[in-house]
file work.cif (mmCIF, C-alpha atoms)
data_work
loop_
_atom_site.label_atom_id
_atom_site.label_comp_id
_atom_site.auth_asym_id
_atom_site.auth_seq_id
_atom_site.Cartn_x
_atom_site.Cartn_y
_atom_site.Cartn_z
CA MET A 1344 -22.05 -25.14 -36.77
CA PHE A 1345 -19.37 -27.75 -37.36
CA SER A 1346 -18.82 -29.76 -40.51
CA ASN A 1347 -18.20 -33.12 -38.82
CA LYS A 1348 -20.49 -36.00 -39.74
CA TYR A 1349 -20.95 -38.87 -37.31
CA TYR A 1350 -22.31 -42.29 -38.01
CA THR A 1351 -23.82 -44.76 -35.58
CA THR A 1352 -21.57 -47.61 -36.68
CA GLU A 1353 -18.20 -45.88 -37.01
CA LYS A 1354 -15.98 -43.95 -34.68
CA ALA A 1355 -15.81 -40.25 -35.40
CA THR A 1356 -12.59 -38.40 -36.07
CA SER A 1357 -11.71 -34.94 -34.83
CA ASN A 1358 -11.33 -31.76 -36.87
CA GLY A 1359 -9.84 -29.90 -33.92
CA VAL A 1360 -13.04 -29.39 -31.93
CA LYS A 1361 -12.31 -28.71 -28.25
CA PHE A 1362 -14.68 -29.60 -25.42
CA ILE A 1363 -14.89 -28.57 -21.78
CA PHE A 1364 -16.67 -31.01 -19.50
CA ALA A 1365 -18.02 -28.90 -16.62
CA THR A 1366 -19.14 -31.27 -13.88
CA GLY A 1367 -20.02 -31.30 -10.22
CA ILE A 1368 -18.30 -34.60 -9.47
CA PHE A 1369 -15.53 -36.62 -11.06
CA PRO A 1370 -13.66 -39.77 -9.99
CA PRO A 1371 -12.65 -40.74 -7.39
CA ASP A 1372 -16.07 -39.33 -6.44
CA ILE A 1373 -18.76 -42.02 -6.65
CA GLY A 1374 -21.88 -41.54 -8.74
CA GLY A 1375 -23.38 -41.86 -12.20
CA PRO A 1376 -22.40 -38.33 -13.40
CA ALA A 1377 -18.80 -38.88 -12.28
CA THR A 1378 -18.52 -42.20 -14.12
CA TYR A 1379 -20.26 -40.88 -17.23
CA THR A 1380 -18.06 -37.79 -17.46
CA GLU A 1381 -14.84 -39.74 -17.03
CA ARG A 1382 -15.77 -42.36 -19.64
CA LEU A 1383 -16.96 -39.81 -22.18
CA ALA A 1384 -13.96 -37.51 -21.71
CA ILE A 1385 -11.58 -40.45 -22.19
CA GLU A 1386 -13.49 -41.56 -25.31
CA PHE A 1387 -13.49 -38.07 -26.84
CA CYS A 1388 -9.77 -37.76 -26.14
CA GLN A 1389 -9.07 -41.12 -27.78
CA ARG A 1390 -10.98 -39.99 -30.86
CA GLY A 1391 -8.70 -36.99 -31.22
CA PHE A 1392 -10.83 -34.21 -29.73
CA GLY A 1393 -9.48 -31.58 -27.38
CA VAL A 1394 -10.77 -32.26 -23.86
CA SER A 1395 -10.61 -30.45 -20.52
CA VAL A 1396 -12.52 -31.23 -17.33
CA ILE A 1397 -13.40 -28.94 -14.44
CA THR A 1398 -14.95 -30.33 -11.26
CA TYR A 1399 -15.62 -29.62 -7.59
CA SER A 1400 -13.14 -32.06 -6.12
CA SER A 1401 -9.62 -31.96 -4.70
CA ALA A 1402 -9.04 -35.71 -4.53
CA LYS A 1403 -6.99 -37.42 -7.24
CA ASP A 1404 -6.85 -41.13 -8.00
CA LYS A 1405 -5.07 -41.29 -11.38
CA LYS A 1406 -3.64 -39.26 -14.24
CA TYR A 1407 -5.45 -38.58 -17.50
CA ASP A 1408 -4.35 -37.64 -21.01
CA PHE A 1409 -6.22 -34.35 -20.64
CA PRO A 1410 -6.22 -31.62 -17.97
CA VAL A 1411 -8.56 -32.00 -14.99
CA VAL A 1412 -9.03 -28.79 -12.98
CA ARG A 1413 -10.18 -29.61 -9.47
CA ILE A 1414 -11.80 -26.96 -7.26
CA SER A 1415 -11.66 -27.74 -3.54
CA LYS A 1416 -14.96 -28.18 -1.71
CA LYS A 1417 -13.50 -26.80 1.52
CA TYR A 1418 -14.93 -23.33 1.03
CA PRO A 1419 -18.74 -23.42 0.68
CA ILE A 1420 -19.18 -20.05 -1.12
CA LEU A 1421 -15.71 -19.32 -2.47
CA LYS A 1422 -15.62 -22.60 -4.42
CA TYR A 1423 -18.27 -21.31 -6.86
CA PHE A 1424 -16.25 -18.20 -7.70
CA LEU A 1425 -13.08 -20.27 -8.10
CA TYR A 1426 -14.96 -22.66 -10.38
CA LEU A 1427 -16.23 -19.79 -12.54
CA PHE A 1428 -12.81 -18.10 -12.66
CA ASN A 1429 -11.09 -21.30 -13.83
CA LEU A 1430 -13.89 -22.14 -16.25
CA LEU A 1431 -13.57 -18.70 -17.84
CA LYS A 1432 -9.87 -19.35 -18.47
CA LEU A 1433 -10.66 -22.71 -20.09
CA ALA A 1434 -13.54 -21.38 -22.15
CA LYS A 1435 -11.36 -18.98 -24.13
CA LYS A 1436 -9.83 -21.89 -26.03
CA CYS A 1437 -12.79 -24.24 -26.38
CA ASP A 1438 -15.60 -24.70 -28.90
CA VAL A 1439 -18.24 -26.42 -26.75
CA VAL A 1440 -18.93 -26.26 -23.01
CA TYR A 1441 -20.73 -29.44 -21.98
CA ALA A 1442 -22.17 -29.03 -18.46
CA GLN A 1443 -23.22 -32.11 -16.51
CA ASN A 1444 -25.85 -30.41 -14.39
CA VAL A 1445 -28.00 -27.29 -14.61
CA THR A 1446 -26.96 -25.55 -11.39
CA SER A 1447 -23.48 -25.82 -9.83
CA ALA A 1448 -21.86 -26.56 -13.21
CA GLY A 1449 -24.56 -25.30 -15.56
CA LEU A 1450 -24.82 -21.71 -14.27
CA PRO A 1451 -21.07 -20.92 -14.51
CA ALA A 1452 -21.00 -22.76 -17.85
CA LEU A 1453 -23.75 -20.47 -19.14
CA LEU A 1454 -21.85 -17.37 -18.02
CA ALA A 1455 -18.62 -18.56 -19.67
CA ALA A 1456 -20.37 -19.60 -22.87
CA LYS A 1457 -22.18 -16.26 -23.16
CA LEU A 1458 -19.07 -14.19 -22.46
CA PHE A 1459 -16.92 -15.96 -25.04
CA LYS A 1460 -19.73 -16.83 -27.48
CA LYS A 1461 -19.25 -20.59 -27.14
CA ARG A 1462 -21.77 -23.36 -27.68
CA LEU A 1463 -23.39 -24.57 -24.44
CA ALA A 1464 -24.78 -28.07 -24.06
CA LEU A 1465 -26.34 -29.53 -20.93
CA LYS A 1466 -26.74 -33.07 -19.65
CA ILE A 1467 -29.79 -33.14 -17.38
CA VAL A 1468 -30.48 -36.29 -15.39
CA GLY A 1469 -32.89 -34.94 -12.81
CA ASP A 1470 -34.86 -32.01 -11.41
CA ALA A 1471 -32.51 -30.48 -8.82
CA ALA A 1472 -35.12 -28.03 -7.51
CA TRP A 1473 -37.55 -30.86 -6.80
CA GLU A 1474 -34.92 -33.18 -5.33
CA GLN A 1475 -33.44 -30.57 -2.99
CA ARG A 1476 -36.73 -28.79 -2.25
CA LYS A 1477 -35.12 -25.40 -3.01
CA PRO A 1478 -37.45 -23.10 -4.97
CA TYR A 1479 -34.66 -20.72 -6.05
CA LEU A 1480 -33.02 -23.58 -7.98
CA LYS A 1481 -36.14 -23.81 -10.13
CA LYS A 1482 -35.50 -20.33 -11.57
CA ILE A 1483 -31.80 -21.07 -12.09
CA GLN A 1484 -32.32 -24.35 -13.92
CA GLU A 1485 -35.10 -22.92 -16.10
CA CYS A 1486 -32.91 -19.95 -17.07
CA VAL A 1487 -29.86 -22.08 -17.86
CA ALA A 1488 -31.89 -24.64 -19.81
CA LYS A 1489 -33.63 -21.99 -21.92
CA HIS A 1490 -30.29 -20.44 -22.93
CA ALA A 1491 -28.50 -23.71 -23.76
CA HIS A 1492 -28.00 -24.61 -27.41
CA GLN A 1493 -28.66 -28.32 -26.83
CA ILE A 1494 -29.89 -30.43 -23.94
CA ILE A 1495 -29.28 -34.15 -23.59
CA VAL A 1496 -31.55 -36.23 -21.37
CA PRO A 1497 -31.56 -40.00 -20.74
CA SER A 1498 -35.33 -40.55 -20.90
CA LEU A 1499 -38.62 -39.39 -22.38
CA PHE A 1500 -39.79 -38.76 -18.82
CA LEU A 1501 -37.10 -36.10 -18.32
CA LYS A 1502 -37.70 -34.57 -21.73
CA LYS A 1503 -41.30 -33.91 -20.74
CA ILE A 1504 -40.21 -32.37 -17.42
CA ILE A 1505 -37.81 -29.95 -19.15
CA MET A 1506 -40.40 -29.00 -21.75
CA GLY A 1507 -42.52 -28.03 -18.75
CA TRP A 1508 -39.83 -25.47 -17.88
CA GLY A 1509 -40.67 -23.65 -21.10
CA VAL A 1510 -37.78 -25.13 -23.10
CA SER A 1511 -38.29 -25.80 -26.80
CA GLU A 1512 -38.78 -29.48 -27.61
CA ASN A 1513 -36.53 -29.12 -30.66
CA LYS A 1514 -33.34 -28.67 -28.63
CA ILE A 1515 -33.91 -31.59 -26.25
CA GLU A 1516 -32.42 -34.90 -27.38
CA ILE A 1517 -32.96 -38.27 -25.71
CA ILE A 1518 -29.79 -40.35 -25.51
CA TYR A 1519 -30.24 -43.40 -23.32
CA ASN A 1520 -27.64 -44.27 -20.72
CA ALA A 1521 -25.37 -47.25 -21.26
CA PRO A 1522 -24.04 -49.51 -18.52
CA GLU A 1523 -20.30 -49.84 -18.18
CA ALA A 1524 -19.11 -53.00 -19.89
CA VAL A 1525 -18.36 -55.64 -17.26
CA SER A 1526 -17.60 -59.32 -17.58
CA GLN A 1527 -19.83 -61.84 -15.88
CA LEU A 1528 -18.18 -62.95 -12.67
CA THR A 1529 -16.85 -66.49 -12.76
CA ILE A 1530 -17.69 -67.16 -9.12
CA SER A 1531 -20.98 -68.72 -8.06
CA LYS A 1532 -23.81 -66.92 -6.30
CA ASP A 1533 -22.89 -68.62 -3.02
CA GLU A 1534 -19.25 -67.59 -3.43
CA ALA A 1535 -20.32 -64.00 -4.06
CA LYS A 1536 -22.43 -64.04 -0.91
CA GLU A 1537 -19.47 -65.33 1.04
CA LYS A 1538 -17.25 -62.54 -0.32
CA ILE A 1539 -19.66 -59.80 0.76
CA GLY A 1540 -20.29 -61.57 4.06
CA ILE A 1541 -24.08 -61.89 3.64
CA SER A 1542 -25.98 -65.15 3.38
CA GLY A 1543 -29.60 -66.01 2.62
CA ASP A 1544 -31.95 -65.06 -0.22
CA ILE A 1545 -30.85 -61.52 -0.95
CA ILE A 1546 -33.23 -58.73 -1.92
CA LEU A 1547 -30.88 -56.01 -3.19
CA SER A 1548 -31.57 -52.30 -3.57
CA ILE A 1549 -29.06 -49.58 -4.47
CA GLY A 1550 -29.29 -45.80 -4.40
CA ARG A 1551 -28.93 -42.60 -2.43
CA LEU A 1552 -30.58 -42.73 0.98
CA VAL A 1553 -33.33 -40.22 0.27
CA PRO A 1554 -37.04 -40.64 1.07
CA TRP A 1555 -38.27 -41.05 -2.52
CA LYS A 1556 -36.05 -44.10 -3.14
CA GLY A 1557 -38.56 -46.22 -1.21
CA PHE A 1558 -36.12 -48.01 1.09
CA ALA A 1559 -38.42 -47.46 4.08
CA ASP A 1560 -41.20 -49.38 2.28
CA LEU A 1561 -38.87 -52.33 1.69
CA ILE A 1562 -37.91 -52.38 5.36
CA ALA A 1563 -41.57 -52.11 6.39
CA ILE A 1564 -42.68 -55.19 4.38
CA LEU A 1565 -39.74 -57.35 5.40
CA PRO A 1566 -41.48 -58.88 8.47
CA ASP A 1567 -44.32 -60.12 6.25
CA LEU A 1568 -41.86 -61.47 3.68
CA LEU A 1569 -40.04 -63.37 6.41
CA LYS A 1570 -43.25 -65.18 7.32
CA THR A 1571 -43.17 -66.82 3.89
CA ASN A 1572 -39.40 -67.16 3.62
CA PRO A 1573 -37.37 -66.75 6.83
CA ASN A 1574 -34.21 -66.84 4.72
CA PHE A 1575 -34.76 -63.41 3.10
CA ARG A 1576 -32.11 -60.73 3.68
CA LEU A 1577 -32.60 -57.13 2.61
CA VAL A 1578 -29.35 -55.48 1.46
CA ILE A 1579 -29.28 -51.71 0.80
CA VAL A 1580 -26.20 -50.16 -0.82
CA GLY A 1581 -25.81 -46.38 -0.73
CA GLN A 1582 -25.34 -43.32 1.40
CA GLY A 1583 -27.37 -40.24 2.20
CA LYS A 1584 -29.16 -38.24 4.87
CA GLU A 1585 -32.18 -40.49 5.40
CA LYS A 1586 -31.96 -42.47 8.62
CA LEU A 1587 -33.20 -46.01 8.11
CA LYS A 1588 -34.02 -48.58 10.75
CA SER A 1589 -32.12 -51.82 10.44
CA GLY A 1590 -32.42 -55.20 12.07
CA ASN A 1591 -30.77 -58.57 11.91
CA ARG A 1592 -32.35 -59.17 8.47
CA VAL A 1593 -31.52 -55.72 7.05
CA LYS A 1594 -27.97 -54.89 6.00
CA LEU A 1595 -27.17 -51.23 5.36
CA VAL A 1596 -23.90 -51.54 3.50
CA GLY A 1597 -23.17 -47.85 2.92
CA PRO A 1598 -21.28 -46.61 -0.14
CA VAL A 1599 -19.52 -49.22 -2.27
CA PRO A 1600 -16.90 -48.51 -4.98
CA HIS A 1601 -18.42 -48.94 -8.41
CA SER A 1602 -15.94 -51.69 -9.21
CA GLN A 1603 -17.45 -53.79 -6.39
CA ILE A 1604 -21.10 -53.39 -7.42
CA PRO A 1605 -21.08 -56.45 -9.75
CA LEU A 1606 -20.23 -58.60 -6.73
CA TYR A 1607 -23.44 -57.49 -5.00
CA PHE A 1608 -25.49 -58.16 -8.12
CA GLN A 1609 -23.93 -61.61 -8.40
CA ALA A 1610 -24.98 -62.33 -4.81
CA ALA A 1611 -28.52 -60.99 -5.25
CA ASP A 1612 -31.59 -63.12 -5.92
CA VAL A 1613 -33.76 -60.15 -6.89
CA PHE A 1614 -33.13 -56.43 -7.43
CA VAL A 1615 -35.74 -53.91 -6.30
CA LEU A 1616 -35.91 -50.19 -7.07
CA SER A 1617 -39.17 -48.95 -5.57
CA SER A 1618 -38.48 -45.24 -6.05
CA GLY A 1619 -40.94 -42.42 -6.57
CA TYR A 1620 -38.71 -40.56 -9.00
CA GLU A 1621 -36.05 -41.67 -11.51
CA GLY A 1622 -34.58 -40.05 -14.61
CA LEU A 1623 -33.19 -43.25 -16.05
CA SER A 1624 -31.71 -45.68 -13.56
CA HIS A 1625 -28.11 -46.82 -14.07
CA VAL A 1626 -28.59 -49.53 -11.45
CA ILE A 1627 -31.55 -51.04 -13.32
CA LEU A 1628 -29.39 -51.14 -16.45
CA GLU A 1629 -26.64 -52.85 -14.47
CA ALA A 1630 -29.07 -55.38 -12.99
CA MET A 1631 -30.36 -56.16 -16.50
CA GLN A 1632 -26.82 -56.52 -17.80
CA LEU A 1633 -25.65 -58.74 -14.93
CA GLY A 1634 -28.60 -61.11 -14.98
CA VAL A 1635 -30.62 -60.16 -11.89
CA PRO A 1636 -34.44 -60.12 -12.17
CA VAL A 1637 -35.86 -56.65 -11.53
CA ILE A 1638 -38.86 -55.23 -9.69
CA ALA A 1639 -39.32 -51.48 -10.13
CA SER A 1640 -41.87 -48.76 -9.53
CA ARG A 1641 -43.84 -47.38 -12.46
CA GLU A 1642 -42.32 -43.95 -11.88
CA GLY A 1643 -40.04 -41.76 -13.99
CA GLY A 1644 -37.96 -43.51 -16.60
CA ASN A 1645 -38.37 -46.98 -15.09
CA PRO A 1646 -41.07 -48.11 -17.58
CA GLU A 1647 -38.69 -47.17 -20.42
CA LEU A 1648 -36.39 -49.94 -19.16
CA ILE A 1649 -38.75 -52.47 -17.58
CA GLU A 1650 -41.80 -53.76 -19.43
CA ASP A 1651 -44.21 -55.30 -16.93
CA ASN A 1652 -44.25 -59.11 -17.12
CA PHE A 1653 -41.78 -59.08 -20.03
CA ASN A 1654 -38.41 -58.34 -18.46
CA GLY A 1655 -39.47 -57.46 -14.93
CA LEU A 1656 -42.34 -56.45 -12.69
CA LEU A 1657 -43.67 -52.91 -12.20
CA VAL A 1658 -45.51 -51.81 -9.07
CA GLU A 1659 -47.11 -48.61 -7.83
CA TYR A 1660 -44.80 -46.37 -5.82
CA SER A 1661 -45.22 -46.76 -2.06
CA ASN A 1662 -47.81 -49.53 -2.48
CA GLN A 1663 -46.37 -51.91 0.08
CA GLU A 1664 -48.85 -54.71 -0.66
CA GLN A 1665 -48.04 -54.68 -4.39
CA LEU A 1666 -44.34 -54.62 -3.62
CA LYS A 1667 -44.62 -57.54 -1.22
CA GLN A 1668 -46.65 -59.65 -3.64
CA ALA A 1669 -44.26 -58.91 -6.51
CA ILE A 1670 -41.24 -60.03 -4.48
CA LEU A 1671 -42.96 -63.24 -3.37
CA ARG A 1672 -44.22 -63.99 -6.88
CA LEU A 1673 -40.80 -63.56 -8.42
CA TRP A 1674 -38.95 -65.47 -5.69
CA GLN A 1675 -41.34 -68.43 -5.94
CA ASN A 1676 -41.21 -68.68 -9.76
CA LYS A 1677 -37.81 -69.70 -11.15
CA GLU A 1678 -39.13 -69.83 -14.72
CA LEU A 1679 -40.33 -66.24 -14.45
CA GLN A 1680 -36.94 -65.19 -13.11
CA GLU A 1681 -35.17 -66.78 -16.08
CA LYS A 1682 -37.63 -65.23 -18.54
CA PHE A 1683 -36.96 -61.75 -17.14
CA ILE A 1684 -33.19 -62.28 -17.15
CA GLN A 1685 -33.09 -63.41 -20.79
CA ASN A 1686 -35.49 -60.72 -22.02
CA SER A 1687 -33.49 -58.04 -20.20
CA LYS A 1688 -30.28 -59.20 -21.84
CA GLU A 1689 -31.94 -58.83 -25.24
CA LYS A 1690 -33.41 -55.42 -24.45
CA ILE A 1691 -30.14 -54.02 -23.14
CA LYS A 1692 -28.43 -54.63 -26.47
CA ASP A 1693 -29.96 -51.31 -27.57
CA PHE A 1694 -28.23 -49.47 -24.70
CA THR A 1695 -24.65 -49.55 -25.95
CA TRP A 1696 -21.76 -47.23 -25.16
CA GLU A 1697 -20.91 -46.91 -28.86
CA ASN A 1698 -24.40 -45.61 -29.60
CA LEU A 1699 -24.24 -43.19 -26.68
CA VAL A 1700 -20.89 -41.72 -27.77
CA ASN A 1701 -21.80 -41.31 -31.43
CA GLN A 1702 -25.20 -39.82 -30.67
CA THR A 1703 -23.66 -37.43 -28.14
CA LEU A 1704 -21.04 -36.24 -30.61
CA ALA A 1705 -23.74 -35.72 -33.24
CA VAL A 1706 -25.70 -33.50 -30.86
CA LEU A 1707 -22.71 -31.55 -29.54
CA THR A 1708 -21.41 -30.70 -33.02
CA SER A 1709 -24.69 -30.08 -34.83
#
call {"tool": "encode", "arguments": {"input": "work.cif", "output": "structure tokens"}}
result
Amino acid sequence: MFSNKYYTTEKATSNGVKFIFATGIFPPDIGGPATYTERLAIEFCQRGFGVSVITYSSAKDKKYDFPVVRISKKYPILKYFLYLFNLLKLAKKCDVVYAQNVTSAGLPALLAAKLFKKRLALKIVGDAAWEQRKPYLKKIQECVAKHAHQIIVPSLFLKKIIMGWGVSENKIEIIYNAPEAVSQLTISKDEAKEKIGISGDIILSIGRLVPWKGFADLIAILPDLLKTNPNFRLVIVGQGKEKLKSGNRVKLVGPVPHSQIPLYFQAADVFVLSSGYEGLSHVILEAMQLGVPVIASREGGNPELIEDNFNGLLVEYSNQEQLKQAILRLWQNKELQEKFIQNSKEKIKDFTWENLVNQTLAVLTS
């Protein structure tokens, strides 16, 4: 137990506590966990805490005020042993190991924490066994989660999932994600469309190209949408293994640097996330922050962000008719669009980075 006390309205100060951030990805890798880990490590360092990061990545894009140990991904099996070996060296001099997933980072973090009697905390943003369809991961994540001292999740939905693994409710804390602070772009919507090279009324969706994200349903309903508005364009940003059909009204952009995402939101007329599974969506938070009306499925943590008919529309997952009608309703009603945009901007005031940092420190040092 540490003696620090943290308050929601003031920055904490360090009493020499040292943290290891054990993560699977880290910038310049693209993804929510990479961005979160970088921002939090920088913030902890600025507040005077000892910080080290270990990650599976050999690429470097900038220098930090703390050590970043990068383990090459070239060697599929050897990389895990190298990760553990380096983590063990770091763990000798730390107080808390904060792992950003339950498997590739969480398992070696558990071993290091047990060996050196360090506090282990986990950030869990999804069910890896379900996502990857690998039953053996289920046993690993349940074991690691049960032995962790604290677990941080970004939604009530995920808390319930982890309790289903047999983990005590008392050690699971909900700390909502916070979008990265960005300034509203000064260019117009038409100028943004020109910059990304896409014209028309843009239906935007962003995410990994995996079946449960619902991109195939969006593509399937596009012909019917075009009958009402021939000017619709479907834009999908992301990468993955799912092979999607595209046409002259579907633009598969591929991966986009996070710094360029606001440009796509500025160009969009509506944002759709019709997924069958979400922990808590960063892209919904970004759409809310950047003033794009949202349509989302009722799955996972989406209803914790979008209240139906208040700041967006919720539809059943894979219900193509509901999805089509929601898009047409929102596109045809400018007043409804503005209502959702304004209500989202009010709701997102609760999802601040300051709150996230202070709440995280309170959990990690309790």
call {"tool": "residues_around", "arguments": {"input": "work.cif", "residues": "Gly1622 in chain A", "least_positions_apart": "4", "cutoff": "6 Å", "atoms": "only C-alpha atoms", "output": "list in words"}}
result
Val1468, Gly1469, Leu1501, Gly1643 and Gly1644 of chain A
call {"tool": "resolve_selection", "arguments": {"input": "work.cif", "expression": "the PyMOL selection byres ((chain A and resi 1422) around 12)", "output": "number ranges by chain"}}
result
A: 1367, 1398-1401, 1413-1421, 1423-1430, 1447-1448, 1451
call {"tool": "write_last_selection", "arguments": {"input": "work.cif", "atoms": "C-alpha atoms", "output": "compact mmCIF listing (two decimals), in the coordinates of the input"}}
result
# COMPACT_ATOMS: atom_id res chain seq x y z
CA GLY A 1367 -20.02 -31.30 -10.22
CA THR A 1398 -14.95 -30.33 -11.26
CA TYR A 1399 -15.62 -29.62 -7.59
CA SER A 1400 -13.14 -32.06 -6.12
CA SER A 1401 -9.62 -31.96 -4.70
CA ARG A 1413 -10.18 -29.61 -9.47
CA ILE A 1414 -11.80 -26.96 -7.26
CA SER A 1415 -11.66 -27.74 -3.54
CA LYS A 1416 -14.96 -28.18 -1.71
CA LYS A 1417 -13.50 -26.80 1.52
CA TYR A 1418 -14.93 -23.33 1.03
CA PRO A 1419 -18.74 -23.42 0.68
CA ILE A 1420 -19.18 -20.05 -1.12
CA LEU A 1421 -15.71 -19.32 -2.47
CA TYR A 1423 -18.27 -21.31 -6.86
CA PHE A 1424 -16.25 -18.20 -7.70
CA LEU A 1425 -13.08 -20.27 -8.10
CA TYR A 1426 -14.96 -22.66 -10.38
CA LEU A 1427 -16.23 -19.79 -12.54
CA PHE A 1428 -12.81 -18.10 -12.66
CA ASN A 1429 -11.09 -21.30 -13.83
CA LEU A 1430 -13.89 -22.14 -16.25
CA SER A 1447 -23.48 -25.82 -9.83
CA ALA A 1448 -21.86 -26.56 -13.21
CA PRO A 1451 -21.07 -20.92 -14.51
call {"tool": "residues_around", "arguments": {"input": "work.cif", "residues": "range 1549-1553 of chain A", "least_positions_apart": "2", "cutoff": "12 Å", "atoms": "all atoms listed in the file", "output": "VMD selection string"}}
result
chain A and resid 1373 to 1375 1474 to 1475 1546 to 1547 1555 to 1559 1561 1577 to 1588 1594 to 1599 1601 1604 to 1605 1607 to 1608 1611 1613 to 1621 1624 to 1627 1629 to 1630 1639
call {"tool": "write_last_selection", "arguments": {"input": "work.cif", "atoms": "C-alpha atoms", "output": "CSV table (one decimal), in the frame of the given file"}}
result
chain,number,residue,atom,x,y,z
A,1373,ILE,CA,-18.8,-42.0,-6.6
A,1374,GLY,CA,-21.9,-41.5,-8.7
A,1375,GLY,CA,-23.4,-41.9,-12.2
A,1474,GLU,CA,-34.9,-33.2,-5.3
A,1475,GLN,CA,-33.4,-30.6,-3.0
A,1546,ILE,CA,-33.2,-58.7,-1.9
A,1547,LEU,CA,-30.9,-56.0,-3.2
A,1555,TRP,CA,-38.3,-41.0,-2.5
A,1556,LYS,CA,-36.0,-44.1,-3.1
A,1557,GLY,CA,-38.6,-46.2,-1.2
A,1558,PHE,CA,-36.1,-48.0,1.1
A,1559,ALA,CA,-38.4,-47.5,4.1
A,1561,LEU,CA,-38.9,-52.3,1.7
A,1577,LEU,CA,-32.6,-57.1,2.6
A,1578,VAL,CA,-29.4,-55.5,1.5
A,1579,ILE,CA,-29.3,-51.7,0.8
A,1580,VAL,CA,-26.2,-50.2,-0.8
A,1581,GLY,CA,-25.8,-46.4,-0.7
A,1582,GLN,CA,-25.3,-43.3,1.4
A,1583,GLY,CA,-27.4,-40.2,2.2
A,1584,LYS,CA,-29.2,-38.2,4.9
A,1585,GLU,CA,-32.2,-40.5,5.4
A,1586,LYS,CA,-32.0,-42.5,8.6
A,1587,LEU,CA,-33.2,-46.0,8.1
A,1588,LYS,CA,-34.0,-48.6,10.8
A,1594,LYS,CA,-28.0,-54.9,6.0
A,1595,LEU,CA,-27.2,-51.2,5.4
A,1596,VAL,CA,-23.9,-51.5,3.5
A,1597,GLY,CA,-23.2,-47.8,2.9
A,1598,PRO,CA,-21.3,-46.6,-0.1
A,1599,VAL,CA,-19.5,-49.2,-2.3
A,1601,HIS,CA,-18.4,-48.9,-8.4
A,1604,ILE,CA,-21.1,-53.4,-7.4
A,1605,PRO,CA,-21.1,-56.4,-9.8
A,1607,TYR,CA,-23.4,-57.5,-5.0
A,1608,PHE,CA,-25.5,-58.2,-8.1
A,1611,ALA,CA,-28.5,-61.0,-5.2
A,1613,VAL,CA,-33.8,-60.2,-6.9
A,1614,PHE,CA,-33.1,-56.4,-7.4
A,1615,VAL,CA,-35.7,-53.9,-6.3
A,1616,LEU,CA,-35.9,-50.2,-7.1
A,1617,SER,CA,-39.2,-49.0,-5.6
A,1618,SER,CA,-38.5,-45.2,-6.0
A,1619,GLY,CA,-40.9,-42.4,-6.6
A,1620,TYR,CA,-38.7,-40.6,-9.0
A,1621,GLU,CA,-36.0,-41.7,-11.5
A,1624,SER,CA,-31.7,-45.7,-13.6
A,1625,HIS,CA,-28.1,-46.8,-14.1
A,1626,VAL,CA,-28.6,-49.5,-11.4
A,1627,ILE,CA,-31.6,-51.0,-13.3
A,1629,GLU,CA,-26.6,-52.8,-14.5
A,1630,ALA,CA,-29.1,-55.4,-13.0
A,1639,ALA,CA,-39.3,-51.5,-10.1
call {"tool": "atom_distance", "arguments": {"input": "work.cif", "atom1": "CA of Val1487 in chain A", "atom2": "CA of Lys1514 in chain A"}}
result
13.1 Å
call {"tool": "resolve_selection", "arguments": {"input": "work.cif", "expression": "the PyMOL selection byres ((chain A and resi 1569) around 12)", "output": "CSV table (one decimal) with C-alpha atoms, in the coordinates of the input"}}
result
chain,number,residue,atom,x,y,z
A,1543,GLY,CA,-29.6,-66.0,2.6
A,1544,ASP,CA,-32.0,-65.1,-0.2
A,1545,ILE,CA,-30.8,-61.5,-1.0
A,1546,ILE,CA,-33.2,-58.7,-1.9
A,1562,ILE,CA,-37.9,-52.4,5.4
A,1563,ALA,CA,-41.6,-52.1,6.4
A,1564,ILE,CA,-42.7,-55.2,4.4
A,1565,LEU,CA,-39.7,-57.4,5.4
A,1566,PRO,CA,-41.5,-58.9,8.5
A,1567,ASP,CA,-44.3,-60.1,6.2
A,1568,LEU,CA,-41.9,-61.5,3.7
A,1570,LYS,CA,-43.2,-65.2,7.3
A,1571,THR,CA,-43.2,-66.8,3.9
A,1572,ASN,CA,-39.4,-67.2,3.6
A,1573,PRO,CA,-37.4,-66.8,6.8
A,1574,ASN,CA,-34.2,-66.8,4.7
A,1575,PHE,CA,-34.8,-63.4,3.1
A,1576,ARG,CA,-32.1,-60.7,3.7
A,1577,LEU,CA,-32.6,-57.1,2.6
A,1591,ASN,CA,-30.8,-58.6,11.9
A,1592,ARG,CA,-32.4,-59.2,8.5
A,1593,VAL,CA,-31.5,-55.7,7.0
A,1667,LYS,CA,-44.6,-57.5,-1.2
A,1670,ILE,CA,-41.2,-60.0,-4.5
A,1671,LEU,CA,-43.0,-63.2,-3.4
call {"tool": "closest_residue", "arguments": {"input": "work.cif", "among": "A:Ile1483, A:Ile1518, A:Leu1633, A:Leu1623", "to": "Thr1703 in chain A", "atoms": "only C-alpha atoms"}}
result
A:Ile1518
call {"tool": "residues_around", "arguments": {"input": "work.cif", "residues": "Val1394 in chain A", "least_positions_apart": "5", "cutoff": "7 Å", "atoms": "only C-alpha atoms", "output": "VMD selection string"}}
result
chain A and resid 1361 to 1363 1384 1388 1409
call {"tool": "residues_around", "arguments": {"input": "work.cif", "residues": "Leu1453 in chain A", "least_positions_apart": "6", "cutoff": "8 Å", "atoms": "all atoms listed in the file", "output": "CSV table (one decimal) with C-alpha atoms, in the frame of the given file"}}
result
chain,number,residue,atom,x,y,z
A,1463,LEU,CA,-23.4,-24.6,-24.4
A,1487,VAL,CA,-29.9,-22.1,-17.9
A,1490,HIS,CA,-30.3,-20.4,-22.9
A,1491,ALA,CA,-28.5,-23.7,-23.8
